>>> print(open('run13.cif').read())   # mmCIF, C-alpha atoms
data_my_file
loop_
_atom_site.label_atom_id
_atom_site.label_comp_id
_atom_site.auth_asym_id
_atom_site.auth_seq_id
_atom_site.Cartn_x
_atom_site.Cartn_y
_atom_site.Cartn_z
CA MET G 1 -16.89 4.69 -13.60
CA SER G 2 -19.41 5.31 -16.28
CA HIS G 3 -18.52 7.77 -19.00
CA ASP G 4 -21.32 6.71 -21.31
CA HIS G 5 -23.87 8.43 -19.14
CA ASP G 6 -25.65 11.41 -20.67
CA HIS G 7 -25.00 14.83 -19.24
CA HIS G 8 -27.59 16.13 -16.87
CA ASP G 9 -28.66 19.69 -16.67
CA HIS G 10 -28.67 21.07 -13.14
CA ASP G 11 -29.89 24.47 -14.12
CA GLY G 12 -33.50 24.34 -13.13
CA HIS G 13 -34.69 21.49 -15.30
CA GLU G 14 -36.54 18.46 -14.11
CA HIS G 15 -34.44 15.83 -12.39
CA HIS G 16 -34.76 12.15 -13.19
CA PRO G 17 -33.28 10.36 -10.19
CA GLN G 18 -33.58 6.95 -11.78
CA GLU G 19 -31.22 7.99 -14.61
CA LYS G 20 -28.44 9.31 -12.41
CA SER G 21 -25.14 7.53 -12.09
CA GLU G 22 -24.01 6.49 -8.62
CA ASN G 23 -21.27 9.14 -8.77
CA GLU G 24 -23.69 11.91 -9.58
CA LEU G 25 -26.10 10.76 -6.90
CA ARG G 26 -23.33 10.70 -4.30
CA ALA G 27 -22.15 14.20 -5.26
CA GLU G 28 -25.72 15.47 -4.94
CA ALA G 29 -26.18 13.68 -1.63
CA LEU G 30 -23.24 15.62 -0.18
CA GLU G 31 -24.68 18.88 -1.56
CA ALA G 32 -28.03 17.98 0.02
CA LEU G 33 -26.45 17.10 3.35
CA LEU G 34 -24.42 20.32 3.60
CA ALA G 35 -27.40 22.42 2.48
CA ALA G 36 -29.59 20.73 5.10
CA LYS G 37 -26.93 21.56 7.69
CA GLY G 38 -26.98 25.19 6.54
CA LEU G 39 -23.33 25.14 5.45
CA VAL G 40 -23.13 25.28 1.65
CA SER G 41 -25.37 27.11 -0.81
CA ALA G 42 -25.98 25.91 -4.36
CA GLU G 43 -25.14 29.44 -5.54
CA ALA G 44 -21.63 29.12 -4.12
CA ILE G 45 -21.13 25.82 -5.95
CA ASP G 46 -22.34 27.38 -9.21
CA ALA G 47 -20.03 30.36 -8.68
CA VAL G 48 -16.92 28.21 -8.16
CA VAL G 49 -17.77 26.00 -11.17
CA SER G 50 -18.24 29.10 -13.30
CA TYR G 51 -14.99 30.64 -12.05
CA TYR G 52 -12.95 27.61 -13.14
CA GLU G 53 -14.85 27.31 -16.44
CA HIS G 54 -14.66 30.95 -17.50
CA ASP G 55 -12.30 33.08 -15.42
CA VAL G 56 -9.20 30.95 -15.14
CA GLY G 57 -7.78 28.88 -17.94
CA PRO G 58 -4.88 28.64 -20.37
CA GLN G 59 -5.66 32.13 -21.65
CA ASN G 60 -4.00 33.41 -18.47
CA GLY G 61 -0.81 31.47 -19.12
CA ALA G 62 -0.89 32.50 -22.78
CA ARG G 63 -0.96 36.16 -21.71
CA VAL G 64 2.12 35.56 -19.54
CA VAL G 65 3.97 33.83 -22.39
CA ALA G 66 3.05 36.50 -24.95
CA ARG G 67 4.31 39.21 -22.59
CA ALA G 68 7.55 37.29 -22.07
CA TRP G 69 8.00 37.06 -25.86
CA VAL G 70 7.68 40.79 -26.41
CA ASP G 71 9.23 42.16 -23.21
CA PRO G 72 12.72 40.85 -22.35
CA ALA G 73 12.65 42.51 -18.93
CA TYR G 74 9.39 40.74 -18.10
CA LYS G 75 10.81 37.43 -19.34
CA ALA G 76 13.79 37.89 -17.06
CA ARG G 77 11.47 38.50 -14.10
CA LEU G 78 9.34 35.49 -15.05
CA LEU G 79 12.32 33.15 -15.22
CA ALA G 80 13.75 34.53 -11.97
CA ASP G 81 10.52 34.43 -9.91
CA GLY G 82 7.50 32.99 -11.68
CA THR G 83 5.14 33.49 -8.74
CA ALA G 84 5.82 37.23 -8.55
CA ALA G 85 5.79 37.68 -12.34
CA VAL G 86 2.34 36.15 -12.87
CA LYS G 87 1.05 38.07 -9.86
CA GLU G 88 1.70 41.22 -11.93
CA PHE G 89 -1.34 40.10 -13.97
CA GLY G 90 -3.32 39.26 -10.82
CA PHE G 91 -2.87 35.51 -11.33
CA THR G 92 -2.89 34.10 -7.80
CA GLY G 93 -4.93 31.57 -5.87
CA PHE G 94 -5.35 27.88 -5.13
CA GLU G 95 -2.55 25.69 -6.52
CA LEU G 96 -0.34 28.40 -7.88
CA ASN G 97 2.03 27.86 -4.96
CA THR G 98 5.63 28.53 -5.92
CA LEU G 99 5.62 28.89 -9.71
CA VAL G 100 8.75 28.18 -11.74
CA ALA G 101 8.83 29.10 -15.42
CA VAL G 102 11.11 27.00 -17.64
CA GLU G 103 12.06 28.19 -21.10
CA ASN G 104 12.25 26.16 -24.30
CA SER G 105 14.91 26.93 -26.88
CA PRO G 106 16.21 25.25 -30.04
CA ALA G 107 18.51 23.21 -27.76
CA VAL G 108 16.20 22.51 -24.78
CA HIS G 109 12.63 21.22 -24.48
CA ASN G 110 10.76 21.07 -21.17
CA VAL G 111 7.71 18.96 -20.28
CA VAL G 112 5.79 18.85 -16.98
CA VAL G 113 4.07 16.00 -15.13
CA CYS G 114 3.03 15.08 -11.60
CA THR G 115 3.72 11.37 -11.15
CA LEU G 116 2.28 11.27 -7.62
CA CYS G 117 -1.06 12.92 -8.33
CA SER G 118 -1.99 15.70 -10.73
CA CYS G 119 -0.41 18.93 -9.44
CA TYR G 120 -0.97 21.72 -11.95
CA PRO G 121 -0.86 25.55 -11.78
CA TRP G 122 -4.61 26.24 -11.90
CA PRO G 123 -4.47 30.07 -11.87
CA VAL G 124 -2.47 30.17 -15.11
CA LEU G 125 -3.63 26.98 -16.88
CA GLY G 126 -7.10 26.23 -15.46
CA LEU G 127 -7.98 22.69 -14.45
CA PRO G 128 -5.86 19.94 -15.99
CA PRO G 129 -7.04 17.96 -19.01
CA THR G 130 -8.03 14.36 -18.38
CA TRP G 131 -4.88 12.96 -19.99
CA TYR G 132 -2.66 14.92 -17.59
CA LYS G 133 -4.35 13.14 -14.67
CA SER G 134 -4.32 9.74 -16.38
CA ALA G 135 -2.18 6.81 -15.31
CA PRO G 136 -0.48 6.43 -18.74
CA TYR G 137 0.79 10.02 -18.80
CA ARG G 138 1.87 10.03 -15.15
CA ALA G 139 3.68 6.71 -15.51
CA ARG G 140 5.24 7.01 -18.94
CA VAL G 141 6.36 10.60 -19.52
CA VAL G 142 9.24 10.17 -17.05
CA SER G 143 10.37 6.78 -18.40
CA GLU G 144 9.79 7.14 -22.16
CA PRO G 145 9.20 10.83 -22.76
CA ARG G 146 9.99 10.91 -26.46
CA ALA G 147 7.50 8.13 -27.15
CA VAL G 148 4.81 10.02 -25.22
CA LEU G 149 5.56 13.30 -27.01
CA ARG G 150 5.37 11.44 -30.32
CA GLU G 151 1.81 10.42 -29.41
CA PHE G 152 1.06 14.15 -29.13
CA GLY G 153 2.56 14.64 -32.59
CA LEU G 154 5.76 16.18 -31.30
CA GLU G 155 8.96 14.67 -32.68
CA LEU G 156 12.06 15.97 -30.92
CA PRO G 157 15.46 15.71 -32.63
CA ALA G 158 17.88 13.47 -30.72
CA GLU G 159 20.23 16.38 -30.03
CA VAL G 160 17.57 18.41 -28.17
CA GLU G 161 18.05 18.18 -24.41
CA LEU G 162 14.76 16.93 -22.99
CA ARG G 163 13.94 17.99 -19.41
CA VAL G 164 11.03 16.33 -17.60
CA TRP G 165 9.79 18.22 -14.52
CA ASP G 166 7.97 16.02 -12.01
CA SER G 167 6.04 18.49 -9.83
CA THR G 168 5.50 16.27 -6.80
CA ALA G 169 6.27 19.00 -4.24
CA GLU G 170 4.66 22.43 -3.77
CA VAL G 171 6.39 23.83 -6.84
CA ARG G 172 4.36 24.27 -10.03
CA TYR G 173 5.79 24.66 -13.53
CA LEU G 174 4.93 26.73 -16.56
CA VAL G 175 6.72 26.03 -19.84
CA VAL G 176 7.56 29.10 -21.91
CA PRO G 177 7.53 27.77 -25.48
CA GLU G 178 9.73 29.14 -28.26
CA ARG G 179 8.29 32.10 -30.09
CA PRO G 180 7.57 30.99 -33.67
CA ALA G 181 9.56 32.63 -36.46
CA GLY G 182 7.88 35.28 -38.54
CA THR G 183 5.82 36.72 -35.66
CA GLU G 184 7.79 39.95 -35.20
CA GLY G 185 4.93 42.11 -36.40
CA LEU G 186 2.23 40.54 -34.22
CA SER G 187 0.66 42.24 -31.24
CA GLU G 188 0.62 40.68 -27.79
CA ASP G 189 -3.06 39.74 -28.23
CA GLU G 190 -2.28 38.08 -31.55
CA LEU G 191 0.66 36.22 -30.04
CA MET G 192 -1.55 34.85 -27.25
CA ARG G 193 -3.50 32.90 -29.85
CA LEU G 194 -0.29 31.04 -30.77
CA VAL G 195 0.09 29.64 -27.24
CA PRO G 196 -2.13 26.59 -26.68
CA ARG G 197 -2.39 24.96 -23.27
CA ASP G 198 -0.27 21.98 -24.28
CA ALA G 199 2.63 24.27 -25.26
CA MET G 200 2.72 25.45 -21.63
CA ILE G 201 2.74 21.84 -20.35
CA GLY G 202 5.36 20.93 -22.93
CA THR G 203 3.49 18.32 -24.98
CA ALA G 204 3.26 20.73 -27.92
CA LYS G 205 5.06 23.70 -29.43
CA ALA G 206 3.60 27.14 -30.03
CA ILE G 207 1.43 27.37 -33.12
CA GLU G 208 3.04 28.61 -36.34
CA PRO G 209 1.09 31.67 -37.50
CA GLU G 210 0.58 30.31 -41.02
CA SER G 211 -1.10 27.16 -39.66
CA LEU G 212 -3.47 29.37 -37.65
CA ALA G 213 -4.45 31.30 -40.76
CA ALA G 214 -4.95 28.14 -42.81
CA MET O 1 3.13 6.17 -10.79
CA GLY O 2 6.39 7.29 -12.39
CA GLY O 3 7.87 4.55 -14.54
CA MET O 4 5.04 2.01 -14.09
CA ALA O 5 4.41 0.05 -17.29
CA GLY O 6 1.33 -1.35 -18.96
CA PHE O 7 -1.05 1.60 -19.03
CA GLY O 8 -1.23 2.01 -22.82
CA PRO O 9 -1.29 5.21 -24.85
CA VAL O 10 -1.74 8.69 -23.38
CA VAL O 11 -3.65 10.34 -26.17
CA GLU O 12 -7.07 8.83 -26.68
CA PRO O 13 -10.37 10.38 -27.76
CA GLY O 14 -12.05 12.47 -25.10
CA VAL O 15 -9.02 13.18 -22.93
CA GLU O 16 -8.72 16.88 -23.76
CA ALA O 17 -11.47 18.15 -21.47
CA ALA O 18 -10.96 18.79 -17.76
CA TYR O 19 -14.11 16.74 -17.08
CA HIS O 20 -16.94 15.04 -18.93
CA GLU O 21 -19.95 15.04 -16.64
CA ARG O 22 -21.62 17.89 -14.80
CA TRP O 23 -21.24 16.29 -11.37
CA GLU O 24 -17.45 16.35 -11.70
CA PRO O 25 -16.87 20.13 -11.49
CA ARG O 26 -19.48 20.27 -8.72
CA VAL O 27 -17.43 17.79 -6.67
CA PHE O 28 -14.39 19.95 -7.29
CA ALA O 29 -16.29 23.13 -6.33
CA MET O 30 -17.60 21.46 -3.17
CA TRP O 31 -14.02 20.65 -2.20
CA ALA O 32 -12.96 24.29 -2.81
CA ILE O 33 -15.87 25.62 -0.73
CA THR O 34 -15.35 23.29 2.20
CA ALA O 35 -11.61 24.08 2.11
CA ALA O 36 -12.20 27.85 1.99
CA GLU O 37 -14.81 27.67 4.75
CA GLY O 38 -12.66 25.46 6.97
CA LEU O 39 -15.21 22.65 7.10
CA GLY O 40 -12.75 19.81 6.53
CA ALA O 41 -9.61 18.50 8.21
CA GLY O 42 -6.57 16.84 6.67
CA SER O 43 -5.07 16.83 3.21
CA GLY O 44 -7.28 15.51 0.42
CA ARG O 45 -4.23 14.30 -1.43
CA GLN O 46 -2.93 12.31 1.54
CA LEU O 47 -6.37 10.81 2.07
CA ARG O 48 -6.70 9.83 -1.58
CA GLU O 49 -3.43 7.95 -1.30
CA LYS O 50 -5.01 5.87 1.47
CA MET O 51 -7.61 4.44 -0.89
CA ALA O 52 -7.06 0.74 -1.45
CA ALA O 53 -4.72 0.48 -4.45
CA ASP O 54 -7.21 -1.39 -6.63
CA GLU O 55 -9.98 1.06 -5.72
CA TYR O 56 -7.67 4.03 -6.47
CA LEU O 57 -6.84 2.75 -9.93
CA ARG O 58 -10.46 1.87 -10.68
CA ALA O 59 -11.96 5.15 -9.45
CA SER O 60 -12.18 8.16 -11.72
CA TYR O 61 -10.37 11.34 -10.78
CA TYR O 62 -13.36 13.16 -9.30
CA GLU O 63 -14.63 10.02 -7.58
CA ARG O 64 -11.38 10.14 -5.61
CA TRP O 65 -12.03 13.80 -4.75
CA GLN O 66 -15.55 13.04 -3.58
CA TRP O 67 -14.22 10.16 -1.48
CA SER O 68 -11.45 12.23 0.13
CA ASN O 69 -13.65 15.27 0.74
CA GLU O 70 -16.21 13.16 2.59
CA ARG O 71 -13.41 11.92 4.81
CA ARG O 72 -12.11 15.45 5.41
CA LEU O 73 -15.58 16.53 6.50
CA VAL O 74 -15.96 13.51 8.80
CA ALA O 75 -12.51 14.12 10.30
CA LYS O 76 -13.50 17.68 11.17
CA GLY O 77 -16.85 16.57 12.60
CA THR O 78 -18.81 18.58 10.02
CA ILE O 79 -20.66 15.44 8.93
CA ALA O 80 -21.00 12.01 10.50
CA GLU O 81 -20.16 8.66 8.96
CA GLY O 82 -23.17 7.36 7.04
CA GLU O 83 -24.92 10.71 6.56
CA VAL O 84 -24.02 10.90 2.87
CA ASP O 85 -25.29 7.34 2.37
CA GLY O 86 -28.52 8.39 4.05
CA TRP O 87 -28.99 11.23 1.57
CA VAL O 88 -28.15 8.95 -1.37
CA GLU O 89 -31.13 6.81 -0.37
CA ARG O 90 -33.41 9.82 0.19
CA LEU O 91 -32.55 11.24 -3.25
CA ARG O 92 -32.99 7.81 -4.82
CA GLY O 93 -36.43 7.78 -3.25
CA GLY O 94 -37.26 11.01 -5.05
CA GLU O 95 -36.77 13.48 -2.22
CA LYS O 96 -35.99 17.01 -3.40
CA LEU O 97 -32.64 18.65 -2.69
CA PRO O 98 -32.89 20.96 0.31
CA THR O 99 -31.74 24.53 -0.26
CA HIS O 100 -29.64 26.77 1.90
CA ALA O 101 -29.51 30.52 1.33
CA ASP O 102 -26.22 32.31 2.02
CA PRO O 103 -25.99 35.26 -0.39
CA SER O 104 -22.45 36.21 0.65
CA GLN O 105 -20.95 32.71 0.50
CA ALA O 106 -20.04 32.74 -3.21
CA ALA O 107 -18.10 36.01 -2.94
CA ARG O 108 -16.49 34.96 0.33
CA VAL O 109 -15.29 31.64 -1.09
CA LEU O 110 -14.13 33.08 -4.41
CA GLY O 111 -12.16 35.73 -2.54
CA ILE O 112 -10.12 32.95 -0.95
CA VAL O 113 -9.91 30.70 -4.04
CA ARG O 114 -8.59 33.64 -6.11
CA THR O 115 -5.93 34.81 -3.71
CA ALA O 116 -4.74 31.99 -1.41
CA THR O 117 -1.35 31.08 -2.85
CA GLU O 118 0.80 28.80 -0.74
CA GLU O 119 4.42 29.65 -1.52
CA LEU O 120 7.38 27.82 -0.06
CA GLY O 121 9.00 29.57 2.90
CA PRO O 122 12.35 31.39 2.83
CA THR O 123 15.52 29.35 3.22
CA SER O 124 18.12 30.14 5.85
CA SER O 125 20.51 27.20 5.98
CA THR O 126 20.94 24.09 3.86
CA ILE O 127 22.91 20.88 4.23
CA PHE O 128 23.50 20.44 0.49
CA ALA O 129 24.88 22.98 -1.96
CA VAL O 130 23.96 23.64 -5.56
CA GLY O 131 26.15 21.45 -7.75
CA GLU O 132 26.55 18.76 -5.08
CA ARG O 133 25.99 15.10 -5.93
CA ILE O 134 23.40 13.43 -3.71
CA ARG O 135 21.60 10.11 -3.45
CA VAL O 136 17.91 9.77 -2.69
CA ARG O 137 17.41 7.73 0.46
CA ARG O 138 15.75 4.35 0.16
CA ILE O 139 12.67 5.34 2.06
CA ASP O 140 10.14 2.62 2.74
CA SER O 141 7.19 4.89 3.23
CA VAL O 142 3.93 3.35 4.37
CA GLY O 143 1.90 6.55 4.20
CA HIS O 144 1.99 9.81 2.34
CA THR O 145 5.32 10.90 0.86
CA ARG O 146 6.43 13.31 -1.84
CA CYS O 147 9.38 11.08 -2.71
CA PRO O 148 8.45 8.97 -5.74
CA ARG O 149 9.62 5.36 -5.75
CA TYR O 150 11.37 5.62 -9.10
CA VAL O 151 14.12 7.92 -7.78
CA ARG O 152 14.76 6.20 -4.43
CA GLY O 153 18.37 5.09 -4.21
CA VAL O 154 19.26 7.02 -7.37
CA LEU O 155 22.19 9.45 -7.73
CA GLY O 156 21.34 13.02 -8.66
CA GLU O 157 22.64 16.56 -8.53
CA VAL O 158 21.31 19.53 -6.59
CA VAL O 159 20.51 22.25 -9.12
CA GLY O 160 18.66 24.71 -6.91
CA VAL O 161 17.07 25.49 -3.57
CA ARG O 162 13.33 26.13 -3.89
CA GLY O 163 12.59 27.31 -0.34
CA THR O 164 11.33 25.52 2.74
CA TYR O 165 8.30 23.35 3.40
CA PRO O 166 7.08 21.22 6.32
CA PHE O 167 8.23 17.60 6.04
CA PRO O 168 5.08 16.00 4.60
CA ASP O 169 5.61 12.29 5.28
CA GLU O 170 3.69 10.51 7.99
CA GLY O 171 5.66 9.87 11.14
CA PRO O 172 7.20 11.75 14.08
CA ARG O 173 9.09 14.27 11.92
CA ARG O 174 6.01 15.34 10.02
CA GLY O 175 5.64 19.12 9.94
CA GLU O 176 9.31 19.98 10.63
CA VAL O 177 10.20 22.82 8.26
CA GLU O 178 13.21 22.03 6.07
CA PRO O 179 14.68 22.99 2.68
CA VAL O 180 13.29 21.70 -0.61
CA TYR O 181 15.87 21.20 -3.39
CA ALA O 182 15.52 21.01 -7.13
CA VAL O 183 17.41 17.84 -8.07
CA SER O 184 18.30 16.58 -11.54
CA PHE O 185 18.62 12.92 -12.50
CA LEU O 186 20.08 11.49 -15.69
CA SER O 187 17.71 9.03 -17.34
CA GLN O 188 20.45 6.38 -17.45
CA ASP O 189 20.77 6.52 -13.66
CA VAL O 190 17.02 6.14 -13.15
CA PHE O 191 15.91 3.84 -15.96
CA GLY O 192 19.17 2.49 -17.43
CA GLU O 193 19.85 2.57 -21.16
CA THR O 194 16.67 2.65 -23.22
CA ASP O 195 16.07 3.05 -26.94
CA GLU O 196 15.50 6.80 -26.44
CA PRO O 197 18.37 9.31 -26.37
CA GLY O 198 19.11 10.29 -22.76
CA TRP O 199 16.96 12.88 -20.97
CA VAL O 200 16.97 14.60 -17.59
CA VAL O 201 14.30 14.26 -14.90
CA TYR O 202 13.92 17.06 -12.35
CA LEU O 203 12.19 16.72 -8.99
CA ASP O 204 11.77 18.99 -5.99
CA LEU O 205 12.76 16.95 -2.95
CA GLN O 206 12.71 17.56 0.79
CA GLU O 207 16.14 17.65 2.47
CA SER O 208 15.29 14.52 4.52
CA TYR O 209 14.90 12.50 1.32
CA LEU O 210 18.56 13.10 0.39
CA GLU O 211 21.95 11.88 1.56
CA ALA O 212 25.48 12.78 0.47
CA ALA O 213 26.64 10.63 -2.43
#
>>> encode(input="run13.cif", output="structure tokens")
Amino acid sequence: MSHDHDHHDHDGHEHHPQEKSENELRAEALEALLAAKGLVSAEAIDAVVSYYEHDVGPQNGARVVARAWVDPAYKARLLADGTAAVKEFGFTGFELNTLVAVENSPAVHNVVVCTLCSCYPWPVLGLPPTWYKSAPYRARVVSEPRAVLREFGLELPAEVELRVWDSTAEVRYLVVPERPAGTEGLSEDELMRLVPRDAMIGTAKAIEPESLAA
Amino acid sequence: MGGMAGFGPVVEPGVEAAYHERWEPRVFAMWAITAAEGLGAGSGRQLREKMAADEYLRASYYERWQWSNERRLVAKGTIAEGEVDGWVERLRGGEKLPTHADPSQAARVLGIVRTATEELGPTSSTIFAVGERIRVRRIDSVGHTRCPRYVRGVLGEVVGVRGTYPFPDEGPRRGEVEPVYAVSFLSQDVFGETDEPGWVVYLDLQESYLEAA
């Protein structure tokens, strides 16, 4: 697999077949074949790419978490039935499946992995980062989770109960991180900015508001 | 891959993005379109697991998707074996990509991608109860399974019932709907004593993977 290959622009610029990687050529060959068969349009491919780049992503999950922080009734619904609770925001679709929300507290920290492949709740978190799909993460976070979290810069006290959720079945997980102290006056939109993707996977905590301002 | 050693650190430069090259999201989008339009047959995930082990570990994530989607399309009869190779050579020779116009396809596909959520089914009866101690069967699976090796033979506790799902493993019982349990495992029972304080691993496991402890 070559990752040193330059990006190519598919949006109407000249193509240089001799510079393409084998992977890129093979992907294009399937596009060509299905277009020639009258089955798949390039516009549909562009639309799906754009949907996953712009319309779904961790901002959806951050909205869910921020609502749970400010609305105890919503948090109760989220923890009881994650699928239904995120559907209230219209978050549905491929790979949401049955969604379970797990809550962090001073005593409990949750982290999510899929050791068999790379299962991930796309409608609330977007497509997974490369590390989530990588062999080291999939292999190690179940067998030495504190060492892995330390590599993310997260040091958990020994007394914190660490729960590792291996989502190998059709259940997907969303971690609800702890709301940082000193955020009582913030609006839901402001709180969303404190919820990075990794906090909803469990390899980070929510952002402290003072570090955001700095 | 749970518990396998020797892969090195998780956090390295460039691992934050979902992908690095433009062809990668296009492979993903092609999979979504062919799935939404019913052009493929079989599970991409189960097919990817049939890659030769050395090839699987060598291939990048979206290479595996391209590989499995081609096989889904062949299995359905949408494309024939060798047709993609044929187009690789034609493109290498400088032939232009053919175009296909279908103005409604994007909206049709996105309508499905946005809304198709596959929840587990409702549960009526279960063999195991919440709070019960169980042991994961020592399954020697040759094909697809959702039962990771690292918990086989390990004692755990049922902590919830998630719903029902067709038994996914290859074999005669494949497709039989049965309960899926949330099961907790103490790290000592799975990995023995390590230099980390104990932790708990949770998995969602089909009823057939479990036996009374």
>>> interface_residues(input="run13.cif", of="chain G", to="chain O", cutoff="6 Å", atoms="all atoms listed in the file", output="ChimeraX atom specification")
/G:7,17,24,26,29-30,32,35-36,38,41,44-45,47-49,92-94,96-98,115,127-131,136-140,143,162-166,168-169
>>> residues_near_point(input="run13.cif", point="(7.0, 18.5, -27.9)", cutoff="10 Å", atoms="only C-alpha atoms", output="list of chain:residue names")
G:Asn104, G:His109, G:Asn110, G:Val111, G:Pro145, G:Arg146, G:Val148, G:Leu149, G:Arg150, G:Glu151, G:Phe152, G:Gly153, G:Leu154, G:Glu155, G:Leu156, G:Leu162, G:Pro177, G:Asp198, G:Ala199, G:Ile201, G:Gly202, G:Thr203, G:Ala204, G:Lys205, G:Ala206
>>> atom_distance(input="run13.cif", atom1="atom CA of O:Phe167", atom2="atom CA of O:Arg71")
22.4 Å
>>> residues_around(input="run13.cif", residues="G:Thr183", least_positions_apart="6", cutoff="10 Å", atoms="only C-alpha atoms", output="list in words")
Glu190, Leu191, Leu194, Glu208, Pro209 and Glu210 of chain G
>>> write_last_selection(input="run13.cif", atoms="C-alpha atoms", output="mmCIF file, keeping the file's coordinate frame")
data_model
loop_
_atom_site.group_PDB
_atom_site.id
_atom_site.type_symbol
_atom_site.label_atom_id
_atom_site.label_comp_id
_atom_site.auth_asym_id
_atom_site.auth_seq_id
_atom_site.Cartn_x
_atom_site.Cartn_y
_atom_site.Cartn_z
ATOM 1 C CA GLU G 190 -2.280 38.080 -31.550
ATOM 2 C CA LEU G 191 0.660 36.220 -30.040
ATOM 3 C CA LEU G 194 -0.290 31.040 -30.770
ATOM 4 C CA GLU G 208 3.040 28.610 -36.340
ATOM 5 C CA PRO G 209 1.090 31.670 -37.500
ATOM 6 C CA GLU G 210 0.580 30.310 -41.020
#
>>> atom_distance(input="run13.cif", atom1="atom CA of O:Pro122", atom2="atom CA of O:Arg135")
24.0 Å
>>> closest_residue(input="run13.cif", among="G:Pro72, G:Val102, G:Cys117, G:Val160", to="O:Leu47", atoms="all atoms listed in the file")
G:Cys117
>>> atom_distance(input="run13.cif", atom1="atom CA of G:Gln59", atom2="atom CA of O:Trp65")
25.7 Å
>>> closest_residue(input="run13.cif", among="G:Cys119, G:Leu125, G:Ala42, G:Ala68", to="G:Asp55", atoms="all atoms listed in the file")
G:Leu125
>>> residues_around(input="run13.cif", residues="O:Ala41", least_positions_apart="2", cutoff="9 Å", atoms="only C-alpha atoms", output="JSON, numbers by chain")
{"O": [35, 38, 39, 43, 44, 71, 72, 73, 74, 75, 76, 77]}
>>> closest_residue(input="run13.cif", among="G:Gly182, G:Glu43, G:Glu53, G:Ser187", to="G:Asp71", atoms="all atoms listed in the file")
G:Ser187
>>> residues_around(input="run13.cif", residues="G:Val70", least_positions_apart="4", cutoff="10 Å", atoms="all atoms listed in the file", output="ChimeraX atom specification")
/G:65-66,74-75,179,184,186-188,191
>>> closest_residue(input="run13.cif", among="O:Ala213, O:Ala80, O:Val158, O:Val151", to="O:Glu132", atoms="all atoms listed in the file")
O:Val158
>>> closest_residue(input="run13.cif", among="O:Gly40, O:Arg138, O:Gly156, O:Asp169", to="G:Leu39", atoms="all atoms listed in the file")
O:Gly40
>>> resolve_selection(input="run13.cif", expression="the PyMOL selection byres ((chain G and resi 83) around 12)", output="PyMOL selection string")
(chain G and resi 64+77-82+84-93+95-101+121+123-124+171-174) or (chain O and resi 117-120)
